[in-house]
>>> print(open('data31.cif').read())   # mmCIF, C-alpha atoms and all ligand atoms
data_target
loop_
_atom_site.group_PDB
_atom_site.id
_atom_site.type_symbol
_atom_site.label_atom_id
_atom_site.label_comp_id
_atom_site.auth_asym_id
_atom_site.auth_seq_id
_atom_site.Cartn_x
_atom_site.Cartn_y
_atom_site.Cartn_z
ATOM 1 C CA MET D 1 -17.395 -5.658 5.851
ATOM 2 C CA PHE D 2 -17.145 -2.831 8.395
ATOM 3 C CA GLY D 3 -18.253 0.033 6.160
ATOM 4 C CA LYS D 4 -15.625 2.497 7.373
ATOM 5 C CA ARG D 5 -14.585 5.509 5.352
ATOM 6 C CA LEU D 6 -10.948 4.933 4.376
ATOM 7 C CA GLY D 7 -8.758 7.991 4.144
ATOM 8 C CA VAL D 8 -5.519 7.167 2.359
ATOM 9 C CA ASN D 9 -2.598 9.296 3.484
ATOM 10 C CA VAL D 10 -0.245 9.845 0.542
ATOM 11 C CA ASP D 11 2.447 11.849 2.383
ATOM 12 C CA HIS D 12 5.072 9.171 1.942
ATOM 13 C CA ALA D 13 4.803 9.166 -1.835
ATOM 14 C CA ALA D 14 5.963 12.772 -1.469
ATOM 15 C CA THR D 15 8.725 11.671 0.923
ATOM 16 C CA ILE D 16 10.169 9.435 -1.813
ATOM 17 C CA ARG D 17 9.811 12.157 -4.447
ATOM 18 C CA ASN D 18 11.472 14.785 -2.285
ATOM 19 C CA ALA D 19 14.407 12.486 -1.441
ATOM 20 C CA ARG D 20 15.680 13.145 -4.999
ATOM 21 C CA ASP D 21 13.838 16.348 -5.967
ATOM 22 C CA THR D 22 12.288 14.502 -8.907
ATOM 23 C CA MET D 23 8.754 14.949 -10.257
ATOM 24 C CA TYR D 24 7.939 11.326 -9.400
ATOM 25 C CA PRO D 25 6.241 9.653 -7.697
ATOM 26 C CA ASP D 26 3.743 12.518 -7.842
ATOM 27 C CA PRO D 27 1.489 12.298 -4.765
ATOM 28 C CA VAL D 28 -1.252 13.953 -6.820
ATOM 29 C CA PHE D 29 -1.217 11.007 -9.207
ATOM 30 C CA VAL D 30 -0.898 8.548 -6.315
ATOM 31 C CA ALA D 31 -4.037 10.121 -4.820
ATOM 32 C CA MET D 32 -5.868 9.598 -8.123
ATOM 33 C CA LEU D 33 -4.878 5.935 -8.180
ATOM 34 C CA ALA D 34 -5.914 5.525 -4.534
ATOM 35 C CA GLU D 35 -9.325 6.939 -5.412
ATOM 36 C CA ARG D 36 -9.555 4.665 -8.435
ATOM 37 C CA ALA D 37 -8.926 1.746 -6.065
ATOM 38 C CA GLY D 38 -11.849 2.886 -3.911
ATOM 39 C CA ALA D 39 -10.376 5.197 -1.245
ATOM 40 C CA HIS D 40 -13.112 7.363 0.234
ATOM 41 C CA GLN D 41 -10.839 10.232 1.184
ATOM 42 C CA ILE D 42 -7.348 11.548 0.543
ATOM 43 C CA THR D 43 -5.437 12.711 3.596
ATOM 44 C CA ILE D 44 -2.324 14.878 3.471
ATOM 45 C CA HIS D 45 -0.259 16.640 6.106
ATOM 46 C CA LEU D 46 1.184 19.980 5.067
ATOM 47 C CA ARG D 47 3.989 20.330 7.596
ATOM 48 C CA GLU D 48 5.571 23.623 8.510
ATOM 49 C CA ASP D 49 8.925 22.430 7.063
ATOM 50 C CA ARG D 50 7.232 21.005 3.896
ATOM 51 C CA ARG D 51 9.265 17.822 4.301
ATOM 52 C CA HIS D 52 6.833 15.777 2.224
ATOM 53 C CA ILE D 53 3.646 17.402 0.944
ATOM 54 C CA VAL D 54 4.281 20.876 -0.510
ATOM 55 C CA ASP D 55 1.872 23.714 -1.297
ATOM 56 C CA ARG D 56 1.700 22.757 -4.980
ATOM 57 C CA ASP D 57 0.475 19.252 -4.005
ATOM 58 C CA LEU D 58 -2.314 20.698 -1.881
ATOM 59 C CA GLN D 59 -3.378 23.107 -4.622
ATOM 60 C CA LEU D 60 -3.448 20.423 -7.299
ATOM 61 C CA MET D 61 -5.214 17.908 -5.063
ATOM 62 C CA ARG D 62 -7.910 20.478 -4.333
ATOM 63 C CA GLU D 63 -8.525 20.547 -8.079
ATOM 64 C CA THR D 64 -8.249 16.823 -8.723
ATOM 65 C CA VAL D 65 -9.477 14.895 -5.662
ATOM 66 C CA GLN D 66 -12.962 13.648 -6.405
ATOM 67 C CA THR D 67 -13.743 12.230 -2.977
ATOM 68 C CA LEU D 68 -12.957 14.160 0.205
ATOM 69 C CA LEU D 69 -9.747 16.059 0.869
ATOM 70 C CA ASN D 70 -8.632 15.960 4.494
ATOM 71 C CA LEU D 71 -5.816 18.377 5.343
ATOM 72 C CA GLU D 72 -3.858 17.607 8.493
ATOM 73 C CA MET D 73 -2.135 20.711 9.805
ATOM 74 C CA ALA D 74 -0.810 22.479 12.853
ATOM 75 C CA ALA D 75 -3.053 25.061 14.487
ATOM 76 C CA THR D 76 -1.027 28.065 13.322
ATOM 77 C CA ASP D 77 -2.023 31.319 11.618
ATOM 78 C CA GLU D 78 -0.037 30.355 8.515
ATOM 79 C CA MET D 79 -1.869 27.038 8.142
ATOM 80 C CA VAL D 80 -5.296 28.497 8.864
ATOM 81 C CA GLY D 81 -4.669 31.075 6.130
ATOM 82 C CA ILE D 82 -3.713 28.368 3.639
ATOM 83 C CA ALA D 83 -6.719 26.190 4.549
ATOM 84 C CA VAL D 84 -9.165 29.078 4.199
ATOM 85 C CA GLU D 85 -7.688 29.958 0.803
ATOM 86 C CA ILE D 86 -7.593 26.424 -0.607
ATOM 87 C CA GLY D 87 -10.731 25.019 1.034
ATOM 88 C CA PRO D 88 -10.174 21.320 1.799
ATOM 89 C CA ASP D 89 -13.316 19.435 2.806
ATOM 90 C CA ARG D 90 -11.894 18.801 6.241
ATOM 91 C CA VAL D 91 -9.052 20.014 8.376
ATOM 92 C CA THR D 92 -7.615 17.759 11.072
ATOM 93 C CA LEU D 93 -5.694 19.795 13.622
ATOM 94 C CA VAL D 94 -2.560 17.990 14.758
ATOM 95 C CA PRO D 95 0.282 18.891 17.103
ATOM 96 C CA GLU D 96 3.535 19.488 15.266
ATOM 97 C CA ARG D 97 7.132 19.730 16.312
ATOM 98 C CA ARG D 98 9.851 20.218 13.753
ATOM 99 C CA GLU D 99 12.186 17.627 15.217
ATOM 100 C CA GLU D 100 9.645 14.798 15.401
ATOM 101 C CA ARG D 101 9.806 11.922 12.909
ATOM 102 C CA THR D 102 6.028 11.763 12.610
ATOM 103 C CA THR D 103 3.121 13.206 14.599
ATOM 104 C CA GLU D 104 3.879 12.140 18.137
ATOM 105 C CA GLY D 105 0.968 12.217 20.556
ATOM 106 C CA GLY D 106 -2.368 13.939 20.213
ATOM 107 C CA LEU D 107 -3.243 17.615 20.268
ATOM 108 C CA ASP D 108 -3.714 19.066 23.751
ATOM 109 C CA VAL D 109 -7.119 20.610 23.107
ATOM 110 C CA ALA D 110 -7.921 20.935 26.813
ATOM 111 C CA GLY D 111 -4.796 23.038 27.367
ATOM 112 C CA GLN D 112 -5.521 25.637 24.652
ATOM 113 C CA GLN D 113 -9.276 25.874 24.372
ATOM 114 C CA VAL D 114 -9.577 29.622 23.817
ATOM 115 C CA ARG D 115 -7.096 29.678 20.943
ATOM 116 C CA LEU D 116 -8.504 26.538 19.323
ATOM 117 C CA LYS D 117 -12.098 27.723 19.592
ATOM 118 C CA ALA D 118 -11.226 30.756 17.458
ATOM 119 C CA ILE D 119 -9.382 28.599 14.911
ATOM 120 C CA VAL D 120 -12.250 26.097 14.673
ATOM 121 C CA ALA D 121 -14.708 28.956 14.123
ATOM 122 C CA ALA D 122 -12.539 30.545 11.415
ATOM 123 C CA LEU D 123 -12.250 27.252 9.520
ATOM 124 C CA GLN D 124 -15.927 26.415 9.852
ATOM 125 C CA LYS D 125 -16.831 29.899 8.619
ATOM 126 C CA ALA D 126 -14.937 29.002 5.443
ATOM 127 C CA GLY D 127 -17.087 25.873 5.072
ATOM 128 C CA ILE D 128 -14.435 23.454 6.333
ATOM 129 C CA ALA D 129 -15.333 20.687 8.820
ATOM 130 C CA VAL D 130 -12.835 20.481 11.673
ATOM 131 C CA SER D 131 -11.480 17.394 13.402
ATOM 132 C CA MET D 132 -9.120 17.185 16.381
ATOM 133 C CA PHE D 133 -6.377 14.553 16.434
ATOM 134 C CA ILE D 134 -6.342 13.592 20.110
ATOM 135 C CA GLU D 135 -5.340 10.870 22.514
ATOM 136 C CA PRO D 136 -8.266 8.632 23.481
ATOM 137 C CA ALA D 137 -8.858 10.523 26.738
ATOM 138 C CA ALA D 138 -12.183 11.835 28.081
ATOM 139 C CA LYS D 139 -10.667 15.234 28.928
ATOM 140 C CA GLN D 140 -9.589 15.815 25.320
ATOM 141 C CA ILE D 141 -12.899 14.606 23.890
ATOM 142 C CA ARG D 142 -14.888 16.949 26.135
ATOM 143 C CA ALA D 143 -12.567 19.821 25.243
ATOM 144 C CA SER D 144 -12.967 19.058 21.511
ATOM 145 C CA HIS D 145 -16.725 19.259 21.938
ATOM 146 C CA GLU D 146 -16.303 22.453 23.934
ATOM 147 C CA VAL D 147 -14.296 24.214 21.192
ATOM 148 C CA GLY D 148 -16.959 23.335 18.622
ATOM 149 C CA ALA D 149 -15.139 20.646 16.619
ATOM 150 C CA ASP D 150 -17.204 18.550 14.205
ATOM 151 C CA ALA D 151 -15.122 15.443 14.703
ATOM 152 C CA ILE D 152 -12.269 13.811 16.563
ATOM 153 C CA GLU D 153 -9.586 11.480 15.270
ATOM 154 C CA LEU D 154 -8.360 9.110 17.953
ATOM 155 C CA HIS D 155 -4.595 8.565 17.978
ATOM 156 C CA THR D 156 -3.995 4.815 17.655
ATOM 157 C CA GLY D 157 -0.205 5.054 18.034
ATOM 158 C CA ARG D 158 -0.021 3.641 21.552
ATOM 159 C CA TYR D 159 -2.286 0.725 20.569
ATOM 160 C CA CYS D 160 -0.082 0.004 17.540
ATOM 161 C CA ASP D 161 3.171 0.311 19.483
ATOM 162 C CA ALA D 162 2.066 -1.871 22.427
ATOM 163 C CA THR D 163 4.584 -4.625 23.031
ATOM 164 C CA THR D 164 2.513 -6.957 25.219
ATOM 165 C CA GLU D 165 -0.991 -8.292 24.810
ATOM 166 C CA ASP D 166 -2.071 -6.749 28.118
ATOM 167 C CA GLU D 167 -0.794 -3.351 27.055
ATOM 168 C CA ARG D 168 -2.489 -3.635 23.688
ATOM 169 C CA ASN D 169 -5.780 -4.657 25.297
ATOM 170 C CA LEU D 170 -5.640 -1.660 27.616
ATOM 171 C CA GLU D 171 -4.963 0.716 24.737
ATOM 172 C CA PHE D 172 -7.717 -0.882 22.701
ATOM 173 C CA GLU D 173 -10.214 -0.462 25.518
ATOM 174 C CA ALA D 174 -9.260 3.194 25.843
ATOM 175 C CA ILE D 175 -9.961 3.704 22.126
ATOM 176 C CA GLU D 176 -13.267 1.856 22.344
ATOM 177 C CA GLU D 177 -14.376 3.904 25.328
ATOM 178 C CA ALA D 178 -13.252 7.148 23.733
ATOM 179 C CA ALA D 179 -15.144 6.351 20.529
ATOM 180 C CA ARG D 180 -18.302 5.744 22.551
ATOM 181 C CA LEU D 181 -17.917 9.019 24.436
ATOM 182 C CA GLY D 182 -17.243 10.913 21.216
ATOM 183 C CA VAL D 183 -20.450 9.680 19.622
ATOM 184 C CA GLU D 184 -22.385 10.416 22.835
ATOM 185 C CA MET D 185 -21.153 13.995 22.605
ATOM 186 C CA GLY D 186 -22.314 14.267 19.001
ATOM 187 C CA LEU D 187 -18.860 14.135 17.452
ATOM 188 C CA GLU D 188 -17.963 12.137 14.378
ATOM 189 C CA VAL D 189 -15.183 9.710 15.311
ATOM 190 C CA ALA D 190 -12.191 8.750 13.202
ATOM 191 C CA ALA D 191 -8.998 6.921 14.143
ATOM 192 C CA GLY D 192 -5.500 6.622 12.764
ATOM 193 C CA HIS D 193 -1.720 6.518 13.084
ATOM 194 C CA GLY D 194 0.390 3.390 12.859
ATOM 195 C CA LEU D 195 -2.429 1.179 11.604
ATOM 196 C CA ASP D 196 -1.229 -1.651 9.395
ATOM 197 C CA TYR D 197 -2.494 -4.862 7.850
ATOM 198 C CA SER D 198 -1.933 -6.835 11.054
ATOM 199 C CA ASN D 199 -3.429 -4.487 13.637
ATOM 200 C CA VAL D 200 -6.288 -2.686 11.860
ATOM 201 C CA GLY D 201 -8.891 -5.459 12.309
ATOM 202 C CA PRO D 202 -10.044 -4.798 15.896
ATOM 203 C CA ILE D 203 -10.070 -1.013 15.332
ATOM 204 C CA ALA D 204 -12.134 -1.403 12.135
ATOM 205 C CA ALA D 205 -14.611 -3.471 14.150
ATOM 206 C CA ILE D 206 -15.398 -0.622 16.575
ATOM 207 C CA GLU D 207 -18.852 0.448 15.519
ATOM 208 C CA GLU D 208 -18.595 4.070 16.638
ATOM 209 C CA ILE D 209 -15.537 4.729 14.485
ATOM 210 C CA GLU D 210 -16.647 6.043 11.107
ATOM 211 C CA GLU D 211 -13.330 6.723 9.446
ATOM 212 C CA LEU D 212 -9.767 5.426 9.391
ATOM 213 C CA ASN D 213 -6.800 7.377 8.056
ATOM 214 C CA ILE D 214 -3.926 5.141 7.017
ATOM 215 C CA GLY D 215 -0.731 6.041 5.202
ATOM 216 C CA HIS D 216 2.651 4.489 5.899
ATOM 217 C CA SER D 217 1.586 0.849 5.791
ATOM 218 C CA ILE D 218 -0.308 1.324 2.517
ATOM 219 C CA ILE D 219 2.599 3.056 0.778
ATOM 220 C CA ALA D 220 4.968 0.371 2.135
ATOM 221 C CA ARG D 221 2.662 -2.380 0.829
ATOM 222 C CA ALA D 222 2.523 -0.666 -2.559
ATOM 223 C CA ILE D 223 6.318 -0.958 -2.832
ATOM 224 C CA LEU D 224 6.255 -4.656 -1.938
ATOM 225 C CA ARG D 225 3.436 -5.356 -4.348
ATOM 226 C CA GLY D 226 5.009 -3.377 -7.178
ATOM 227 C CA ILE D 227 8.733 -4.131 -6.982
ATOM 228 C CA GLU D 228 8.709 -7.188 -9.248
ATOM 229 C CA GLU D 229 6.807 -5.431 -12.021
ATOM 230 C CA ALA D 230 9.100 -2.400 -11.708
ATOM 231 C CA VAL D 231 12.248 -4.521 -12.056
ATOM 232 C CA GLU D 232 10.762 -6.417 -15.000
ATOM 233 C CA GLU D 233 9.988 -3.159 -16.803
ATOM 234 C CA MET D 234 13.566 -1.922 -16.280
ATOM 235 C CA LEU D 235 14.973 -5.251 -17.508
ATOM 236 C CA GLN D 236 12.993 -4.842 -20.702
ATOM 237 C CA LEU D 237 14.786 -1.555 -21.320
ATOM 238 C CA THR D 238 18.235 -2.756 -20.377
ATOM 239 C CA SER D 239 18.683 -6.445 -21.247
HETATM 240 N N1 LIG T 301 -3.945 10.438 11.037
HETATM 241 C C1 LIG T 301 -3.194 11.497 11.425
HETATM 242 C C2 LIG T 301 -3.862 12.624 12.137
HETATM 243 C C3 LIG T 301 -1.815 11.546 11.129
HETATM 244 O O1 LIG T 301 -1.080 12.604 11.531
HETATM 245 C C4 LIG T 301 -1.238 10.483 10.394
HETATM 246 C C5 LIG T 301 0.203 10.568 10.015
HETATM 247 O O2 LIG T 301 0.412 11.644 9.163
HETATM 248 C C6 LIG T 301 -2.065 9.424 9.996
HETATM 249 C C7 LIG T 301 -3.399 9.411 10.350
HETATM 250 C C8 LIG T 301 -1.534 8.268 9.200
HETATM 251 O O3 LIG T 301 -0.613 7.573 9.969
HETATM 252 P P1 LIG T 301 0.231 6.380 9.325
HETATM 253 O O4 LIG T 301 1.066 6.974 8.238
HETATM 254 O O5 LIG T 301 1.032 5.874 10.473
HETATM 255 O O6 LIG T 301 -0.760 5.386 8.792
#
>>> encode(input="data31.cif", output="structure tokens", more="lines below")
Ligand code: PXP
Amino acid sequence: MFGKRLGVNVDHAATIRNARDTMYPDPVFVAMLAERAGAHQITIHLREDRRHIVDRDLQLMRETVQTLLNLEMAATDEMVGIAVEIGPDRVTLVPERREERTTEGGLDVAGQQVRLKAIVAALQKAGIAVSMFIEPAAKQIRASHEVGADAIELHTGRYCDATTEDERNLEFEAIEEAARLGVEMGLEVAAGHGLDYSNVGPIAAIEEIEELNIGHSIIARAILRGIEEAVEEMLQLTS
């Protein structure tokens, strides 16, 4: 209906795998199934502490993903080296703190333009398109343009976490305005973080947004949808 590109973030399949150090569920296989279901892109975050996606997942997904591979990563020398070696289709630069539960807040592009400009150039030289995961704020959009980014991904966390209708409306308007400004500046605009089946509708209806990256709610829905079949299969083996 809206024609957005859907990036499916499979990090949390890896979270479940890593909780027991098993081989399953393999996020590489989950990515294949997501593509089979029609996902337009696979998104993964290789964190410094490798708490979910690990280097082997990235390497294998580079070989197996048939759509687009979007690597979310911190703007560090280590990560730039890995990205240049592996060659995802896109890198989304995100802020990263070890102690955070998930990516909290957008990247402060305006506060580190010189450093980020060099990183963007290095990635682009390797044929990788670069997106900046930022708050929906004019200052950050202008700075993203300034450092030569190809795209921005607007952080929808505050919209998703809003507890009153007024607050949600304000956050929504900020995203709408930011998307407009991004397109005006020639940037491709994506959005993501915290989007679920109940709150995605208005964001998907924003014309200027081309892409949505969604993970946690999809993996959670997959568990709810699949639990009965999984129990039935186990009962067949045990009853
Ligand atoms: N986009 C970016 C840049 C992210 O860091 C994340 C979380 O890894 C997502 C999208 C997906 O967020 P969620 O798992 O809340 O759907």
>>> resolve_selection(input="data31.cif", expression="the PyMOL selection byres (((not hetatm)) within 7 of (chain T and resi 301))", output="VMD selection string")
chain D and resid 9 45 72 92 94 102 to 103 133 153 191 to 195 213 to 217
>>> atom_distance(input="data31.cif", atom1="CA of Val109 (chain D)", atom2="CA of Lys139 (chain D)")
8.7 Å
>>> resolve_selection(input="data31.cif", expression="the PyMOL selection byres (((chain D and resi 14) around 7) and not hetatm)", output="list in words")
Asp11, His12, Ala13, Thr15, Ile16, Arg17, Asn18, Pro25, Asp26, Pro27, His52 and Ile53 of chain D
>>> residues_around(input="data31.cif", residues="region 115-122 of chain D", least_positions_apart="5", cutoff="9 Å", atoms="all atoms listed in the file", output="CSV table (one decimal) with C-alpha atoms, in the frame of the given file")
chain,number,residue,atom,x,y,z
D,75,ALA,CA,-3.1,25.1,14.5
D,76,THR,CA,-1.0,28.1,13.3
D,77,ASP,CA,-2.0,31.3,11.6
D,80,VAL,CA,-5.3,28.5,8.9
D,84,VAL,CA,-9.2,29.1,4.2
D,109,VAL,CA,-7.1,20.6,23.1
D,128,ILE,CA,-14.4,23.5,6.3
D,129,ALA,CA,-15.3,20.7,8.8
D,130,VAL,CA,-12.8,20.5,11.7
D,131,SER,CA,-11.5,17.4,13.4
D,144,SER,CA,-13.0,19.1,21.5
D,146,GLU,CA,-16.3,22.5,23.9
D,147,VAL,CA,-14.3,24.2,21.2
D,148,GLY,CA,-17.0,23.3,18.6
D,149,ALA,CA,-15.1,20.6,16.6
>>> closest_residue(input="data31.cif", among="D:Leu187, D:Ile175, D:Ala74, D:Ala220", to="Ala204 (chain D)", atoms="all atoms listed in the file")
D:Ile175
>>> atom_distance(input="data31.cif", atom1="CA of Ala178 (chain D)", atom2="CA of Gly106 (chain D)")
13.3 Å
>>> closest_residue(input="data31.cif", among="D:Leu107, D:Ala179, D:Leu33, D:Ala230", to="Val65 (chain D)", atoms="all atoms listed in the file")
D:Leu33
>>> atom_distance(input="data31.cif", atom1="CA of Ile141 (chain D)", atom2="CA of Gly182 (chain D)")
6.3 Å
>>> closest_residue(input="data31.cif", among="D:Leu60, D:Val183, D:Leu46, D:Val10", to="Glu78 (chain D)", atoms="all atoms listed in the file")
D:Leu46
>>> closest_residue(input="data31.cif", among="D:Gln140, D:Asp89, D:Asp150, D:Arg97", to="Gln112 (chain D)", atoms="all atoms listed in the file")
D:Gln140
>>> residues_around(input="data31.cif", residues="region 200-203 of chain D", least_positions_apart="5", cutoff="12 Å", atoms="all atoms listed in the file", output="PyMOL selection string")
chain D and resi 1-2+4+6+154-157+159-160+168-169+171-177+179+189-195+208-214+217-218
>>> write_last_selection(input="data31.cif", atoms="C-alpha atoms", output="mmCIF file, keeping the file's coordinate frame")
data_model
loop_
_atom_site.group_PDB
_atom_site.id
_atom_site.type_symbol
_atom_site.label_atom_id
_atom_site.label_comp_id
_atom_site.auth_asym_id
_atom_site.auth_seq_id
_atom_site.Cartn_x
_atom_site.Cartn_y
_atom_site.Cartn_z
ATOM 1 C CA MET D 1 -17.395 -5.658 5.851
ATOM 2 C CA PHE D 2 -17.145 -2.831 8.395
ATOM 3 C CA LYS D 4 -15.625 2.497 7.373
ATOM 4 C CA LEU D 6 -10.948 4.933 4.376
ATOM 5 C CA LEU D 154 -8.360 9.110 17.953
ATOM 6 C CA HIS D 155 -4.595 8.565 17.978
ATOM 7 C CA THR D 156 -3.995 4.815 17.655
ATOM 8 C CA GLY D 157 -0.205 5.054 18.034
ATOM 9 C CA TYR D 159 -2.286 0.725 20.569
ATOM 10 C CA CYS D 160 -0.082 0.004 17.540
ATOM 11 C CA ARG D 168 -2.489 -3.635 23.688
ATOM 12 C CA ASN D 169 -5.780 -4.657 25.297
ATOM 13 C CA GLU D 171 -4.963 0.716 24.737
ATOM 14 C CA PHE D 172 -7.717 -0.882 22.701
ATOM 15 C CA GLU D 173 -10.214 -0.462 25.518
ATOM 16 C CA ALA D 174 -9.260 3.194 25.843
ATOM 17 C CA ILE D 175 -9.961 3.704 22.126
ATOM 18 C CA GLU D 176 -13.267 1.856 22.344
ATOM 19 C CA GLU D 177 -14.376 3.904 25.328
ATOM 20 C CA ALA D 179 -15.144 6.351 20.529
ATOM 21 C CA VAL D 189 -15.183 9.710 15.311
ATOM 22 C CA ALA D 190 -12.191 8.750 13.202
ATOM 23 C CA ALA D 191 -8.998 6.921 14.143
ATOM 24 C CA GLY D 192 -5.500 6.622 12.764
ATOM 25 C CA HIS D 193 -1.720 6.518 13.084
ATOM 26 C CA GLY D 194 0.390 3.390 12.859
ATOM 27 C CA LEU D 195 -2.429 1.179 11.604
ATOM 28 C CA GLU D 208 -18.595 4.070 16.638
ATOM 29 C CA ILE D 209 -15.537 4.729 14.485
ATOM 30 C CA GLU D 210 -16.647 6.043 11.107
ATOM 31 C CA GLU D 211 -13.330 6.723 9.446
ATOM 32 C CA LEU D 212 -9.767 5.426 9.391
ATOM 33 C CA ASN D 213 -6.800 7.377 8.056
ATOM 34 C CA ILE D 214 -3.926 5.141 7.017
ATOM 35 C CA SER D 217 1.586 0.849 5.791
ATOM 36 C CA ILE D 218 -0.308 1.324 2.517
#
>>> closest_residue(input="data31.cif", among="D:Val8, D:Met61, D:Ile82, D:Val54", to="Gln41 (chain D)", atoms="all atoms listed in the file")
D:Val8
>>> residues_near_point(input="data31.cif", point="(-17.0, 14.5, -7.4)", cutoff="12 Å", atoms="only C-alpha atoms", output="PDB file with C-alpha atoms, keeping the file's coordinate frame")
ATOM      1  CA  GLU D  35      -9.325   6.939  -5.412  1.00  0.00           C
ATOM      2  CA  HIS D  40     -13.112   7.363   0.234  1.00  0.00           C
ATOM      3  CA  GLN D  41     -10.839  10.232   1.184  1.00  0.00           C
ATOM      4  CA  ARG D  62      -7.910  20.478  -4.333  1.00  0.00           C
ATOM      5  CA  GLU D  63      -8.525  20.547  -8.079  1.00  0.00           C
ATOM      6  CA  THR D  64      -8.249  16.823  -8.723  1.00  0.00           C
ATOM      7  CA  VAL D  65      -9.477  14.895  -5.662  1.00  0.00           C
ATOM      8  CA  GLN D  66     -12.962  13.648  -6.405  1.00  0.00           C
ATOM      9  CA  THR D  67     -13.743  12.230  -2.977  1.00  0.00           C
ATOM     10  CA  LEU D  68     -12.957  14.160   0.205  1.00  0.00           C
ATOM     11  CA  LEU D  69      -9.747  16.059   0.869  1.00  0.00           C
ATOM     12  CA  ASP D  89     -13.316  19.435   2.806  1.00  0.00           C
TER      13      ASP D  89
END
